[in-house]
$ cat final04.csv   # CSV, C-alpha atoms and all ligand atoms
chain,number,residue,atom,x,y,z
A,1,MET,CA,-13.1,11.0,-70.9
A,2,PRO,CA,-14.2,14.5,-69.9
A,3,TYR,CA,-13.8,15.2,-66.2
A,4,THR,CA,-17.2,15.4,-64.5
A,5,TYR,CA,-17.4,17.9,-61.7
A,6,PRO,CA,-18.6,16.5,-58.5
A,7,ARG,CA,-22.2,17.2,-57.6
A,8,CYS,CA,-23.8,17.7,-54.2
A,9,LYS,CA,-25.2,14.4,-52.9
A,10,LYS,CA,-28.2,16.2,-51.5
A,11,CYS,CA,-29.3,18.6,-54.4
A,12,GLY,CA,-27.1,17.9,-57.4
A,13,ARG,CA,-25.6,21.4,-57.6
A,14,PRO,CA,-21.8,21.8,-58.0
A,15,ALA,CA,-20.1,20.5,-54.9
A,16,PHE,CA,-17.2,22.2,-53.2
A,17,TYR,CA,-16.4,20.0,-50.2
A,18,ARG,CA,-15.8,16.3,-49.8
A,19,VAL,CA,-16.4,14.7,-46.5
A,20,ARG,CA,-14.1,11.8,-47.0
A,21,TYR,CA,-15.1,9.7,-44.0
A,22,ALA,CA,-18.8,10.0,-45.0
A,23,ARG,CA,-18.0,9.6,-48.8
A,24,LEU,CA,-20.0,12.7,-49.4
A,25,TRP,CA,-19.7,15.6,-51.8
A,26,LEU,CA,-21.6,18.7,-50.7
A,27,CYS,CA,-22.5,22.2,-52.0
A,28,PRO,CA,-22.0,25.1,-49.6
A,29,LYS,CA,-25.6,25.1,-48.4
A,30,HIS,CA,-25.6,21.4,-47.6
A,31,PHE,CA,-22.1,21.5,-46.1
A,32,VAL,CA,-23.4,24.2,-43.6
A,33,GLU,CA,-26.4,22.0,-42.8
A,34,PHE,CA,-24.2,18.9,-42.4
A,35,PHE,CA,-21.7,20.7,-40.1
A,36,GLU,CA,-24.5,22.1,-37.9
A,37,ARG,CA,-26.2,18.7,-37.7
A,38,ARG,CA,-22.9,17.1,-36.5
A,39,VAL,CA,-22.4,19.8,-33.8
A,40,LYS,CA,-26.0,19.4,-32.7
A,41,ARG,CA,-25.6,15.6,-32.5
A,42,ALA,CA,-22.5,16.1,-30.3
A,43,ILE,CA,-24.5,18.5,-28.0
A,44,ASP,CA,-27.3,15.9,-27.7
A,45,ASN,CA,-25.2,12.8,-27.4
A,46,TYR,CA,-22.9,14.2,-24.8
A,47,LYS,CA,-25.6,16.1,-23.0
A,48,LEU,CA,-23.6,19.3,-23.2
A,49,VAL,CA,-26.3,21.8,-22.3
A,50,ARG,CA,-28.6,19.5,-20.2
A,51,GLY,CA,-29.8,21.6,-17.2
A,52,VAL,CA,-27.7,24.6,-18.4
A,53,LYS,CA,-29.4,28.0,-18.2
A,54,ARG,CA,-26.5,30.2,-19.1
A,55,VAL,CA,-23.6,29.5,-21.4
A,56,LEU,CA,-20.6,31.8,-21.5
A,57,VAL,CA,-18.8,31.4,-24.8
A,58,ALA,CA,-15.1,32.2,-24.8
A,59,VAL,CA,-14.2,34.0,-28.1
A,60,SER,CA,-10.6,34.6,-29.0
A,61,GLY,CA,-11.5,35.8,-32.5
A,62,GLY,CA,-9.9,32.8,-34.1
A,63,LYS,CA,-11.9,30.7,-36.5
A,64,ASP,CA,-12.8,28.0,-34.0
A,65,SER,CA,-14.3,30.2,-31.3
A,66,VAL,CA,-16.0,32.4,-33.9
A,67,ALA,CA,-17.7,29.2,-35.2
A,68,ALA,CA,-18.6,28.3,-31.6
A,69,LEU,CA,-20.2,31.7,-31.0
A,70,TYR,CA,-22.2,31.4,-34.3
A,71,VAL,CA,-23.6,27.9,-33.7
A,72,LEU,CA,-24.3,28.4,-30.0
A,73,ASN,CA,-26.2,31.6,-30.9
A,74,LYS,CA,-28.1,29.8,-33.6
A,75,PHE,CA,-29.1,26.9,-31.3
A,76,LYS,CA,-30.0,29.0,-28.2
A,77,GLU,CA,-33.8,28.9,-28.9
A,78,ILE,CA,-33.8,25.2,-29.5
A,79,TYR,CA,-32.1,24.4,-26.2
A,80,GLY,CA,-33.4,27.4,-24.3
A,81,TYR,CA,-30.1,28.6,-22.7
A,82,GLU,CA,-29.0,32.2,-22.5
A,83,LEU,CA,-25.8,33.0,-24.3
A,84,MET,CA,-23.1,35.5,-23.1
A,85,GLY,CA,-19.6,36.0,-24.5
A,86,VAL,CA,-16.2,36.7,-23.0
A,87,THR,CA,-13.0,37.8,-24.5
A,88,ILE,CA,-9.8,38.2,-22.6
A,89,ASP,CA,-7.5,41.0,-23.6
A,90,LEU,CA,-4.1,39.4,-22.9
A,91,GLY,CA,-2.2,42.5,-23.9
A,92,ILE,CA,-0.3,40.9,-26.7
A,93,PRO,CA,0.7,43.7,-29.1
A,94,GLU,CA,-1.4,43.8,-32.3
A,95,TYR,CA,-2.8,40.3,-31.8
A,96,SER,CA,-5.0,41.2,-28.8
A,97,GLU,CA,-6.3,44.3,-30.5
A,98,LYS,CA,-7.3,42.3,-33.6
A,99,SER,CA,-8.9,39.6,-31.5
A,100,ILE,CA,-11.0,42.1,-29.5
A,101,ARG,CA,-12.1,44.0,-32.5
A,102,ILE,CA,-13.4,40.9,-34.2
A,103,ALA,CA,-15.0,39.4,-31.1
A,104,ARG,CA,-16.8,42.7,-30.3
A,105,SER,CA,-18.1,43.1,-33.8
A,106,LEU,CA,-19.6,39.6,-33.8
A,107,TYR,CA,-21.2,39.9,-30.3
A,108,GLU,CA,-22.8,43.2,-31.5
A,109,ARG,CA,-24.0,41.7,-34.8
A,110,PHE,CA,-25.6,38.7,-33.0
A,111,GLY,CA,-26.9,40.8,-30.1
A,112,VAL,CA,-25.0,38.7,-27.5
A,113,ASP,CA,-24.1,40.4,-24.2
A,114,TYR,CA,-20.4,40.2,-23.6
A,115,TYR,CA,-17.5,41.0,-21.3
A,116,ILE,CA,-14.0,42.1,-22.3
A,117,VAL,CA,-11.7,41.1,-19.4
A,118,LYS,CA,-8.4,43.0,-19.4
A,119,LEU,CA,-5.4,41.2,-17.9
A,120,SER,CA,-3.8,44.6,-17.4
A,121,ASP,CA,-6.5,45.3,-14.7
A,122,TYR,CA,-4.6,42.6,-12.7
A,123,GLY,CA,-1.3,44.6,-13.1
A,124,PHE,CA,0.4,42.8,-15.9
A,125,THR,CA,0.1,41.7,-19.5
A,126,LEU,CA,1.3,38.6,-21.5
A,127,GLY,CA,3.9,40.9,-22.9
A,128,ASP,CA,5.2,41.4,-19.3
A,129,VAL,CA,5.2,37.6,-18.9
A,130,GLN,CA,7.4,37.4,-21.9
A,131,VAL,CA,9.8,40.0,-20.5
A,132,TRP,CA,9.9,38.1,-17.1
A,133,ARG,CA,10.6,34.8,-18.8
A,134,ARG,CA,13.6,36.4,-20.7
A,135,VAL,CA,15.0,38.2,-17.6
A,136,LYS,CA,14.7,35.1,-15.4
A,137,ARG,CA,15.7,32.7,-18.2
A,138,ILE,CA,12.6,30.6,-17.8
A,139,ARG,CA,12.4,27.8,-20.3
A,140,ARG,CA,8.8,26.8,-19.7
A,141,PRO,CA,6.9,27.9,-22.8
A,142,ILE,CA,4.8,31.1,-22.7
A,143,CYS,CA,1.7,29.2,-23.8
A,144,SER,CA,1.6,27.3,-20.5
A,145,PHE,CA,1.5,30.6,-18.5
A,146,CYS,CA,-1.0,31.9,-21.0
A,147,GLY,CA,-3.1,28.8,-20.3
A,148,ILE,CA,-3.0,29.6,-16.5
A,149,VAL,CA,-4.2,33.1,-17.2
A,150,LYS,CA,-7.0,32.1,-19.6
A,151,ARG,CA,-8.3,29.3,-17.4
A,152,TYR,CA,-8.3,31.5,-14.3
A,153,LEU,CA,-10.0,34.5,-16.0
A,154,LEU,CA,-12.6,32.4,-17.9
A,155,ASN,CA,-13.5,30.6,-14.7
A,156,LYS,CA,-13.7,33.8,-12.6
A,157,THR,CA,-15.9,35.5,-15.2
A,158,ALA,CA,-18.2,32.4,-15.4
A,159,LEU,CA,-18.6,32.4,-11.6
A,160,GLU,CA,-19.2,36.2,-11.5
A,161,VAL,CA,-21.9,36.2,-14.2
A,162,GLY,CA,-23.6,33.0,-13.0
A,163,ALA,CA,-22.8,31.0,-16.1
A,164,ASP,CA,-23.2,27.2,-15.7
A,165,VAL,CA,-20.6,26.4,-18.3
A,166,VAL,CA,-17.8,28.0,-20.3
A,167,ALA,CA,-17.9,27.0,-24.0
A,168,THR,CA,-14.6,27.0,-25.9
A,169,GLY,CA,-13.8,26.5,-29.5
A,170,HIS,CA,-11.6,23.4,-29.0
A,171,ASN,CA,-11.9,21.2,-32.1
A,172,LEU,CA,-11.3,17.5,-33.0
A,173,ASP,CA,-7.6,18.2,-33.8
A,174,ASP,CA,-7.1,19.7,-30.4
A,175,LEU,CA,-8.7,16.7,-28.7
A,176,VAL,CA,-6.6,14.3,-30.7
A,177,LYS,CA,-3.5,16.2,-29.7
A,178,PHE,CA,-4.4,16.3,-26.1
A,179,VAL,CA,-5.4,12.7,-25.8
A,180,ALA,CA,-2.3,11.5,-27.6
A,181,THR,CA,0.2,13.7,-25.7
A,182,ASP,CA,-1.3,13.2,-22.3
A,183,TYR,CA,-1.2,9.4,-22.9
A,184,TYR,CA,2.4,9.7,-24.2
A,185,ASN,CA,3.3,11.6,-21.0
A,186,GLY,CA,1.3,9.4,-18.7
A,187,ARG,CA,-0.8,12.4,-17.5
A,188,ILE,CA,-3.8,10.5,-16.2
A,189,GLU,CA,-5.0,13.4,-14.1
A,190,GLU,CA,-5.3,15.5,-17.3
A,191,LEU,CA,-6.6,12.6,-19.4
A,192,VAL,CA,-9.7,12.0,-17.3
A,193,LYS,CA,-10.7,15.7,-17.7
A,194,LEU,CA,-10.6,15.5,-21.5
A,195,GLY,CA,-13.7,15.2,-23.6
A,196,LEU,CA,-16.6,17.4,-24.8
A,197,LYS,CA,-17.7,18.2,-21.3
A,198,THR,CA,-16.1,18.8,-17.9
A,199,PRO,CA,-18.8,19.1,-15.2
A,200,ALA,CA,-18.6,21.9,-12.7
A,201,SER,CA,-16.8,20.8,-9.5
A,202,ASN,CA,-15.1,22.3,-6.5
A,203,GLY,CA,-15.7,25.9,-7.3
A,204,PHE,CA,-14.7,25.5,-11.0
A,205,ALA,CA,-17.4,26.3,-13.6
A,206,GLY,CA,-18.2,23.5,-16.1
A,207,ARG,CA,-16.6,23.4,-19.5
A,208,ILE,CA,-18.1,22.4,-22.8
A,209,ARG,CA,-16.4,21.9,-26.2
A,210,PRO,CA,-19.2,21.7,-28.7
A,211,LEU,CA,-16.8,21.6,-31.7
A,212,GLY,CA,-14.8,18.7,-30.3
A,213,LEU,CA,-15.9,16.3,-33.0
A,214,VAL,CA,-15.4,18.5,-36.0
A,215,SER,CA,-12.0,19.1,-37.5
A,216,GLY,CA,-10.1,22.4,-37.9
A,217,LYS,CA,-10.5,22.0,-41.7
A,218,GLU,CA,-14.3,21.7,-41.5
A,219,ILE,CA,-14.5,24.7,-39.2
A,220,LEU,CA,-12.4,26.7,-41.7
A,221,TYR,CA,-14.7,25.8,-44.5
A,222,TYR,CA,-17.7,26.6,-42.3
A,223,VAL,CA,-16.7,30.1,-41.3
A,224,ASN,CA,-15.5,30.9,-44.8
A,225,THR,CA,-18.8,29.7,-46.3
A,226,LEU,CA,-20.7,31.8,-43.9
A,227,GLY,CA,-18.4,34.8,-44.6
A,228,LEU,CA,-17.6,35.2,-40.9
A,229,PRO,CA,-14.6,37.4,-40.0
A,230,TYR,CA,-11.9,35.9,-37.9
A,231,VAL,CA,-8.3,36.6,-36.9
A,232,HIS,CA,-5.9,35.2,-39.4
A,233,MET,CA,-2.8,36.2,-37.6
A,234,LYS,CA,-1.0,33.6,-35.5
A,235,CYS,CA,-0.1,34.6,-31.9
A,236,PRO,CA,3.3,36.2,-32.1
A,237,TYR,CA,4.5,34.3,-29.1
A,238,SER,CA,3.6,30.8,-30.5
A,239,PRO,CA,6.8,28.8,-30.8
A,240,ARG,CA,8.4,28.7,-34.3
A,241,GLN,CA,9.6,25.1,-34.1
A,242,THR,CA,6.9,22.4,-34.2
A,243,ASN,CA,6.6,20.6,-30.8
A,244,ILE,CA,5.8,17.0,-30.1
A,245,GLN,CA,2.0,17.7,-29.9
A,246,ASP,CA,2.1,19.1,-33.5
A,247,ARG,CA,4.2,16.3,-34.8
A,248,ILE,CA,1.8,13.7,-33.3
A,249,LEU,CA,-1.1,15.5,-34.9
A,250,GLU,CA,0.7,15.5,-38.3
A,251,LYS,CA,1.2,11.7,-38.1
A,252,ILE,CA,-2.4,11.2,-37.1
A,253,ASN,CA,-3.5,13.4,-40.0
A,254,ASP,CA,-1.5,11.1,-42.3
A,255,LEU,CA,-3.4,8.1,-40.9
A,256,GLU,CA,-6.7,10.1,-41.4
A,257,LEU,CA,-5.8,10.4,-45.1
A,258,GLU,CA,-5.3,6.6,-45.4
A,259,TYR,CA,-8.2,5.7,-43.1
A,260,PRO,CA,-10.9,8.4,-43.3
A,261,GLY,CA,-12.6,8.8,-39.9
A,262,PHE,CA,-9.5,7.7,-38.0
A,263,LYS,CA,-9.4,10.9,-35.8
A,264,ILE,CA,-13.1,10.7,-34.7
A,265,GLY,CA,-12.6,7.0,-34.0
A,266,PHE,CA,-9.5,7.7,-32.0
A,267,VAL,CA,-11.2,10.3,-29.8
A,268,LYS,CA,-14.5,8.4,-29.5
A,269,SER,CA,-12.7,5.2,-28.5
A,270,PHE,CA,-10.9,7.1,-25.7
A,271,LEU,CA,-14.2,8.7,-24.5
A,272,HIS,CA,-16.3,5.6,-24.6
A,273,HIS,CA,-14.0,2.9,-23.5
A,274,LEU,CA,-10.8,4.1,-21.8
A,275,LYS,CA,-12.0,7.2,-20.0
A,276,PRO,CA,-14.8,5.5,-18.0
A,277,ILE,CA,-12.3,3.0,-16.7
A,278,MET,CA,-9.7,5.7,-15.8
A,279,ALA,CA,-12.4,7.9,-14.2
A,280,LYS,CA,-13.3,5.1,-11.8
A,281,SER,CA,-9.9,4.9,-10.3
A,282,TYR,CA,-8.8,8.5,-10.7
A,283,SER,CA,-11.2,11.3,-10.0
A,284,VAL,CA,-10.4,15.0,-9.7
A,285,GLU,CA,-13.0,15.1,-6.8
A,286,LYS,CA,-10.6,13.1,-4.7
A,287,LYS,CA,-7.9,15.8,-4.8
A,288,GLY,CA,-7.8,18.4,-2.1
A,289,ILE,CA,-9.3,21.8,-3.1
A,290,TYR,CA,-8.3,24.9,-1.2
A,291,ARG,CA,-9.1,28.6,-1.4
A,292,CYS,CA,-6.4,30.9,-2.6
A,293,SER,CA,-5.4,33.1,0.4
A,294,ILE,CA,-4.8,36.0,-2.0
A,295,CYS,CA,-7.8,36.1,-4.4
A,296,GLY,CA,-10.2,33.6,-2.8
A,297,MET,CA,-10.5,31.5,-5.9
A,298,PRO,CA,-10.3,27.7,-5.7
A,299,THR,CA,-6.9,26.0,-6.2
A,300,SER,CA,-5.5,22.6,-5.9
A,301,ASN,CA,-2.2,24.0,-4.5
A,302,SER,CA,-1.8,23.0,-0.9
A,303,ASP,CA,0.2,26.2,-0.1
A,304,ARG,CA,-3.1,28.0,-0.8
A,305,VAL,CA,-1.8,30.4,-3.4
A,306,CYS,CA,-3.3,29.8,-6.9
A,307,GLY,CA,-1.2,29.6,-10.0
A,308,PHE,CA,-2.5,32.9,-11.3
A,309,CYS,CA,-1.6,34.8,-8.1
A,310,LYS,CA,1.9,33.2,-8.1
A,311,LEU,CA,2.5,34.3,-11.7
A,312,ARG,CA,1.1,37.8,-11.0
A,313,MET,CA,3.4,38.3,-8.1
A,314,ARG,CA,6.5,37.0,-9.9
A,315,VAL,CA,5.9,39.0,-13.0
A,316,SER,CA,5.0,42.2,-11.1
A,317,GLU,CA,8.3,41.9,-9.0
A,318,THR,CA,10.4,41.8,-12.2
A,319,ILE,CA,8.6,44.5,-14.2
A,320,SER,CA,8.5,46.9,-11.3
A,321,ALA,CA,12.2,46.3,-10.4
B,401,LIG,P1,-6.2,28.2,-27.5
B,401,LIG,O1,-5.8,27.8,-26.1
B,401,LIG,O2,-5.6,29.5,-27.9
B,401,LIG,O3,-6.0,27.0,-28.4
B,401,LIG,O4,-7.7,28.5,-27.4
B,401,LIG,C1,-8.7,27.5,-27.1
B,401,LIG,C2,-10.0,28.1,-26.8
B,401,LIG,O5,-9.9,29.0,-25.7
B,401,LIG,C3,-10.5,29.1,-27.9
B,401,LIG,O6,-11.2,28.3,-28.9
B,401,LIG,C4,-11.4,30.0,-27.2
B,401,LIG,O7,-12.7,29.4,-27.0
B,401,LIG,C5,-10.7,30.1,-25.9
B,401,LIG,N1,-9.8,31.3,-25.9
B,401,LIG,C6,-8.5,31.4,-26.2
B,401,LIG,N2,-8.0,32.7,-26.1
B,401,LIG,C7,-9.0,33.4,-25.7
B,401,LIG,C8,-9.2,34.8,-25.3
B,401,LIG,N3,-8.2,35.7,-25.4
B,401,LIG,N4,-10.4,35.2,-24.9
B,401,LIG,C9,-11.4,34.3,-24.7
B,401,LIG,N5,-11.3,33.0,-25.0
B,401,LIG,C10,-10.2,32.6,-25.5
B,402,LIG,FE1,-1.4,32.6,-25.4
B,402,LIG,FE2,-0.2,33.2,-27.6
B,402,LIG,S1,-2.3,33.3,-27.1
B,402,LIG,S2,0.7,32.6,-25.8
B,403,ZN,ZN,-26.5,20.7,-52.0
B,404,ZN,ZN,-5.3,33.5,-6.3
$ encode --input "final04.csv" --output "structure tokens" --more "lines below"
Ligand code: AMP
Ligand code: FES
Ligand code: ZN
Ligand code: ZN
Amino acid sequence: MPYTYPRCKKCGRPAFYRVRYARLWLCPKHFVEFFERRVKRAIDNYKLVRGVKRVLVAVSGGKDSVAALYVLNKFKEIYGYELMGVTIDLGIPEYSEKSIRIARSLYERFGVDYYIVKLSDYGFTLGDVQVWRRVKRIRRPICSFCGIVKRYLLNKTALEVGADVVATGHNLDDLVKFVATDYYNGRIEELVKLGLKTPASNGFAGRIRPLGLVSGKEILYYVNTLGLPYVHMKCPYSPRQTNIQDRILEKINDLELEYPGFKIGFVKSFLHHLKPIMAKSYSVEKKGIYRCSICGMPTSNSDRVCGFCKLRMRVSETISA
């Protein structure tokens, strides 16, 4: 029998993408519509922009945050928020330059006001953190220091520009990884913060993850269909061996193949059933919050020096020695 090419369920034109869990073949146009409808539904169902006047979208130039910038810009009239962008120049050779070039070109194309925040203005770069780790033989992965830097600078920028929330490009695969590994490691404190929305509290700006229920693969097809540029290069500091988080995601992706929709079910089950119970007995609000004696930003460290200032001092000592 001759092979019949799949047709789009909506218009009958040749299809190019199969949404397995929805048993749906779609053409490029209807895939884009489907994707945006799903993101909009997540924004509505999880009330991501309710009461929000200004959204600061964090764009690294990777496919996820490029997609986040594009959809948030597309939806700004519907929801009536003002959109601004921020990109952190971490000072990673080649990678940071590419990421800034792409982010800047998209902000300008969409007419979005933006900030490029340079880590070097604080006296060090991520390259210096790498040197410091080697000199001091620090085993903790660079990504965890990078996380401290990004969280700090995104929060600081949001507070400075009066944004109600920072939007990131975290996707379904990220959430699956975080939920599974925090559960595995018993990190309840981290688990209760996971989800599509973290409300502002204790001097920290709110966080939203509007792409939290769409997979990395769907995002890839979305940006490619729209012809949006993004950084293809991997961060040169990312570890070569796969870590436990990636291994867990690989296994869950196997389950997704066998049971389409498994990943969404896994995250939704956590958000709707487990998280509310956990949040009752463990709330971040109950933890002490202090002001950093050096920079004045909020910190949960009782010695009143935030993680960013500690890192900055340690790295600066080494690189200036
Ligand atoms: P990552 O931690 O690299 O997986 O990135 C998660 C999200 O953080 C991205 O989707 C962006 O929204 C944001 N992000 C990461 N790196 C940067 C950066 N250099 N500047 C601005 N936002 C970033
Ligand atoms: Fe942070 Fe690579 S982007 S370590
Ligand atoms: Zn179609
Ligand atoms: Zn500080």
$ closest_atom_pairs --input "final04.csv" --of "chain A" --to "ligand ZN 404 (chain B)" --cutoff "8 Å" --atoms "all atoms listed in the file" --output "JSON lines"
{"residue": "A:Arg291", "atom": "CA", "partner": "B:ZN404", "partner_atom": "ZN", "distance": 7.9}
{"residue": "A:Cys292", "atom": "CA", "partner": "B:ZN404", "partner_atom": "ZN", "distance": 4.7}
{"residue": "A:Ser293", "atom": "CA", "partner": "B:ZN404", "partner_atom": "ZN", "distance": 6.7}
{"residue": "A:Ile294", "atom": "CA", "partner": "B:ZN404", "partner_atom": "ZN", "distance": 5.0}
{"residue": "A:Cys295", "atom": "CA", "partner": "B:ZN404", "partner_atom": "ZN", "distance": 4.1}
{"residue": "A:Gly296", "atom": "CA", "partner": "B:ZN404", "partner_atom": "ZN", "distance": 6.0}
{"residue": "A:Met297", "atom": "CA", "partner": "B:ZN404", "partner_atom": "ZN", "distance": 5.6}
{"residue": "A:Pro298", "atom": "CA", "partner": "B:ZN404", "partner_atom": "ZN", "distance": 7.7}
{"residue": "A:Thr299", "atom": "CA", "partner": "B:ZN404", "partner_atom": "ZN", "distance": 7.7}
{"residue": "A:Val305", "atom": "CA", "partner": "B:ZN404", "partner_atom": "ZN", "distance": 5.5}
{"residue": "A:Cys306", "atom": "CA", "partner": "B:ZN404", "partner_atom": "ZN", "distance": 4.2}
{"residue": "A:Gly307", "atom": "CA", "partner": "B:ZN404", "partner_atom": "ZN", "distance": 6.8}
{"residue": "A:Phe308", "atom": "CA", "partner": "B:ZN404", "partner_atom": "ZN", "distance": 5.8}
{"residue": "A:Cys309", "atom": "CA", "partner": "B:ZN404", "partner_atom": "ZN", "distance": 4.3}
{"residue": "A:Lys310", "atom": "CA", "partner": "B:ZN404", "partner_atom": "ZN", "distance": 7.4}
$ atom_distance --input "final04.csv" --atom1 "CA of Leu159 (chain A)" --atom2 "atom C1 of ligand LIG 401 (chain B)"
19.0 Å
$ closest_atom_pairs --input "final04.csv" --of "chain A" --to "ligand LIG 402 (chain B)" --cutoff "7 Å" --atoms "only C-alpha atoms and all ligand atoms" --output "tab-separated table"
residue	atom	partner	partner_atom	distance
A:Ile142	CA	B:LIG402	S2	5.4
A:Cys143	CA	B:LIG402	S2	4.1
A:Cys146	CA	B:LIG402	FE1	4.5
A:Gly147	CA	B:LIG402	FE1	6.6
A:Cys235	CA	B:LIG402	FE2	4.5
A:Pro236	CA	B:LIG402	FE2	6.4
A:Tyr237	CA	B:LIG402	FE2	5.1
A:Ser238	CA	B:LIG402	FE2	5.3
$ closest_residue --input "final04.csv" --among "A:Ser281, A:Tyr17, A:Gly203, A:Val32" --to "Ser300 (chain A)" --atoms "all atoms listed in the file"
A:Gly203
$ atom_distance --input "final04.csv" --atom1 "CA of Ile100 (chain A)" --atom2 "CA of Thr157 (chain A)"
16.5 Å
$ residues_near_ligand --input "final04.csv" --ligand "ligand LIG 401 (chain B)" --cutoff "9 Å" --atoms "only C-alpha atoms and all ligand atoms" --output "VMD selection string"
chain A and resid 57 to 66 68 to 69 85 to 90 96 99 to 100 103 116 to 117 143 146 to 147 150 to 151 153 to 154 166 to 171 174 209 235
$ closest_atom_pairs --input "final04.csv" --of "chain A" --to "ligand ZN 403 (chain B)" --cutoff "6 Å" --atoms "only C-alpha atoms and all ligand atoms" --output "tab-separated table"
residue	atom	partner	partner_atom	distance
A:Cys8	CA	B:ZN403	ZN	4.6
A:Lys10	CA	B:ZN403	ZN	4.8
A:Cys11	CA	B:ZN403	ZN	4.2
A:Arg13	CA	B:ZN403	ZN	5.7
A:Leu26	CA	B:ZN403	ZN	5.4
A:Cys27	CA	B:ZN403	ZN	4.3
A:Lys29	CA	B:ZN403	ZN	5.8
A:His30	CA	B:ZN403	ZN	4.5
$ residues_around --input "final04.csv" --residues "Asn73 (chain A)" --least-positions-apart "5" --cutoff "10 Å" --atoms "all atoms listed in the file" --output "ChimeraX atom specification"
/A:57,67-68,81-84,107,110-112
$ closest_residue --input "final04.csv" --among "A:Ala22, A:Met233, A:Ile219, A:Ile289" --to "Pro93 (chain A)" --atoms "only C-alpha atoms"
A:Met233
$ axis_aligned_box --input "final04.csv" --around "region 236-252 of chain A" --padding-each-side "4 Å" --output "lines of an AutoDock Vina configuration file"
center_x = 3.6
center_y = 23.7
center_z = -33.7
size_x = 20.0
size_y = 33.0
size_z = 17.2
$ closest_residue --input "final04.csv" --among "A:Lys98, A:Arg207, A:Lys53, A:Arg140" --to "Val161 (chain A)" --atoms "all atoms listed in the file"
A:Lys53
$ atom_distance --input "final04.csv" --atom1 "CA of Val55 (chain A)" --atom2 "CA of Arg101 (chain A)"
21.6 Å
$ residues_near_point --input "final04.csv" --point "(-15.3, 17.9, -18.8)" --cutoff "12 Å" --atoms "all atoms listed in the file" --output "PyMOL selection string"
chain A and resi 46-48+165-168+175+190-201+204-210+212+271+275+279+283-284
$ build_atoms --input "final04.csv" --residues "region 164-168 of chain A" --atoms "all heavy atoms" --output "mmCIF file, in the coordinates of the input"
data_model
loop_
_atom_site.group_PDB
_atom_site.id
_atom_site.type_symbol
_atom_site.label_atom_id
_atom_site.label_comp_id
_atom_site.auth_asym_id
_atom_site.auth_seq_id
_atom_site.Cartn_x
_atom_site.Cartn_y
_atom_site.Cartn_z
ATOM 1 N N ASP A 164 -23.383 28.611 -16.112
ATOM 2 C CA ASP A 164 -23.200 27.200 -15.700
ATOM 3 C C ASP A 164 -21.997 26.585 -16.350
ATOM 4 O O ASP A 164 -21.345 25.719 -15.773
ATOM 5 C CB ASP A 164 -24.458 26.403 -16.056
ATOM 6 C CG ASP A 164 -25.709 27.054 -15.500
ATOM 7 O OD1 ASP A 164 -25.894 26.971 -14.286
ATOM 8 O OD2 ASP A 164 -26.462 27.676 -16.282
ATOM 9 N N VAL A 165 -21.762 26.990 -17.592
ATOM 10 C CA VAL A 165 -20.600 26.400 -18.300
ATOM 11 C C VAL A 165 -19.907 27.474 -19.162
ATOM 12 O O VAL A 165 -20.521 28.448 -19.600
ATOM 13 C CB VAL A 165 -21.035 25.266 -19.272
ATOM 14 C CG1 VAL A 165 -21.409 24.006 -18.535
ATOM 15 C CG2 VAL A 165 -22.125 25.697 -20.231
ATOM 16 N N VAL A 166 -18.613 27.220 -19.380
ATOM 17 C CA VAL A 166 -17.800 28.000 -20.300
ATOM 18 C C VAL A 166 -17.708 27.152 -21.591
ATOM 19 O O VAL A 166 -17.318 25.985 -21.491
ATOM 20 C CB VAL A 166 -16.422 28.325 -19.804
ATOM 21 C CG1 VAL A 166 -15.589 29.052 -20.860
ATOM 22 C CG2 VAL A 166 -16.474 29.133 -18.532
ATOM 23 N N ALA A 167 -18.064 27.708 -22.746
ATOM 24 C CA ALA A 167 -17.900 27.000 -24.000
ATOM 25 C C ALA A 167 -16.673 27.471 -24.715
ATOM 26 O O ALA A 167 -16.502 28.686 -24.880
ATOM 27 C CB ALA A 167 -19.132 27.144 -24.887
ATOM 28 N N THR A 168 -15.805 26.564 -25.140
ATOM 29 C CA THR A 168 -14.600 27.000 -25.900
ATOM 30 C C THR A 168 -14.671 26.432 -27.313
ATOM 31 O O THR A 168 -15.494 25.573 -27.622
ATOM 32 C CB THR A 168 -13.315 26.507 -25.210
ATOM 33 O OG1 THR A 168 -13.370 25.090 -25.120
ATOM 34 C CG2 THR A 168 -13.122 27.127 -23.851
#
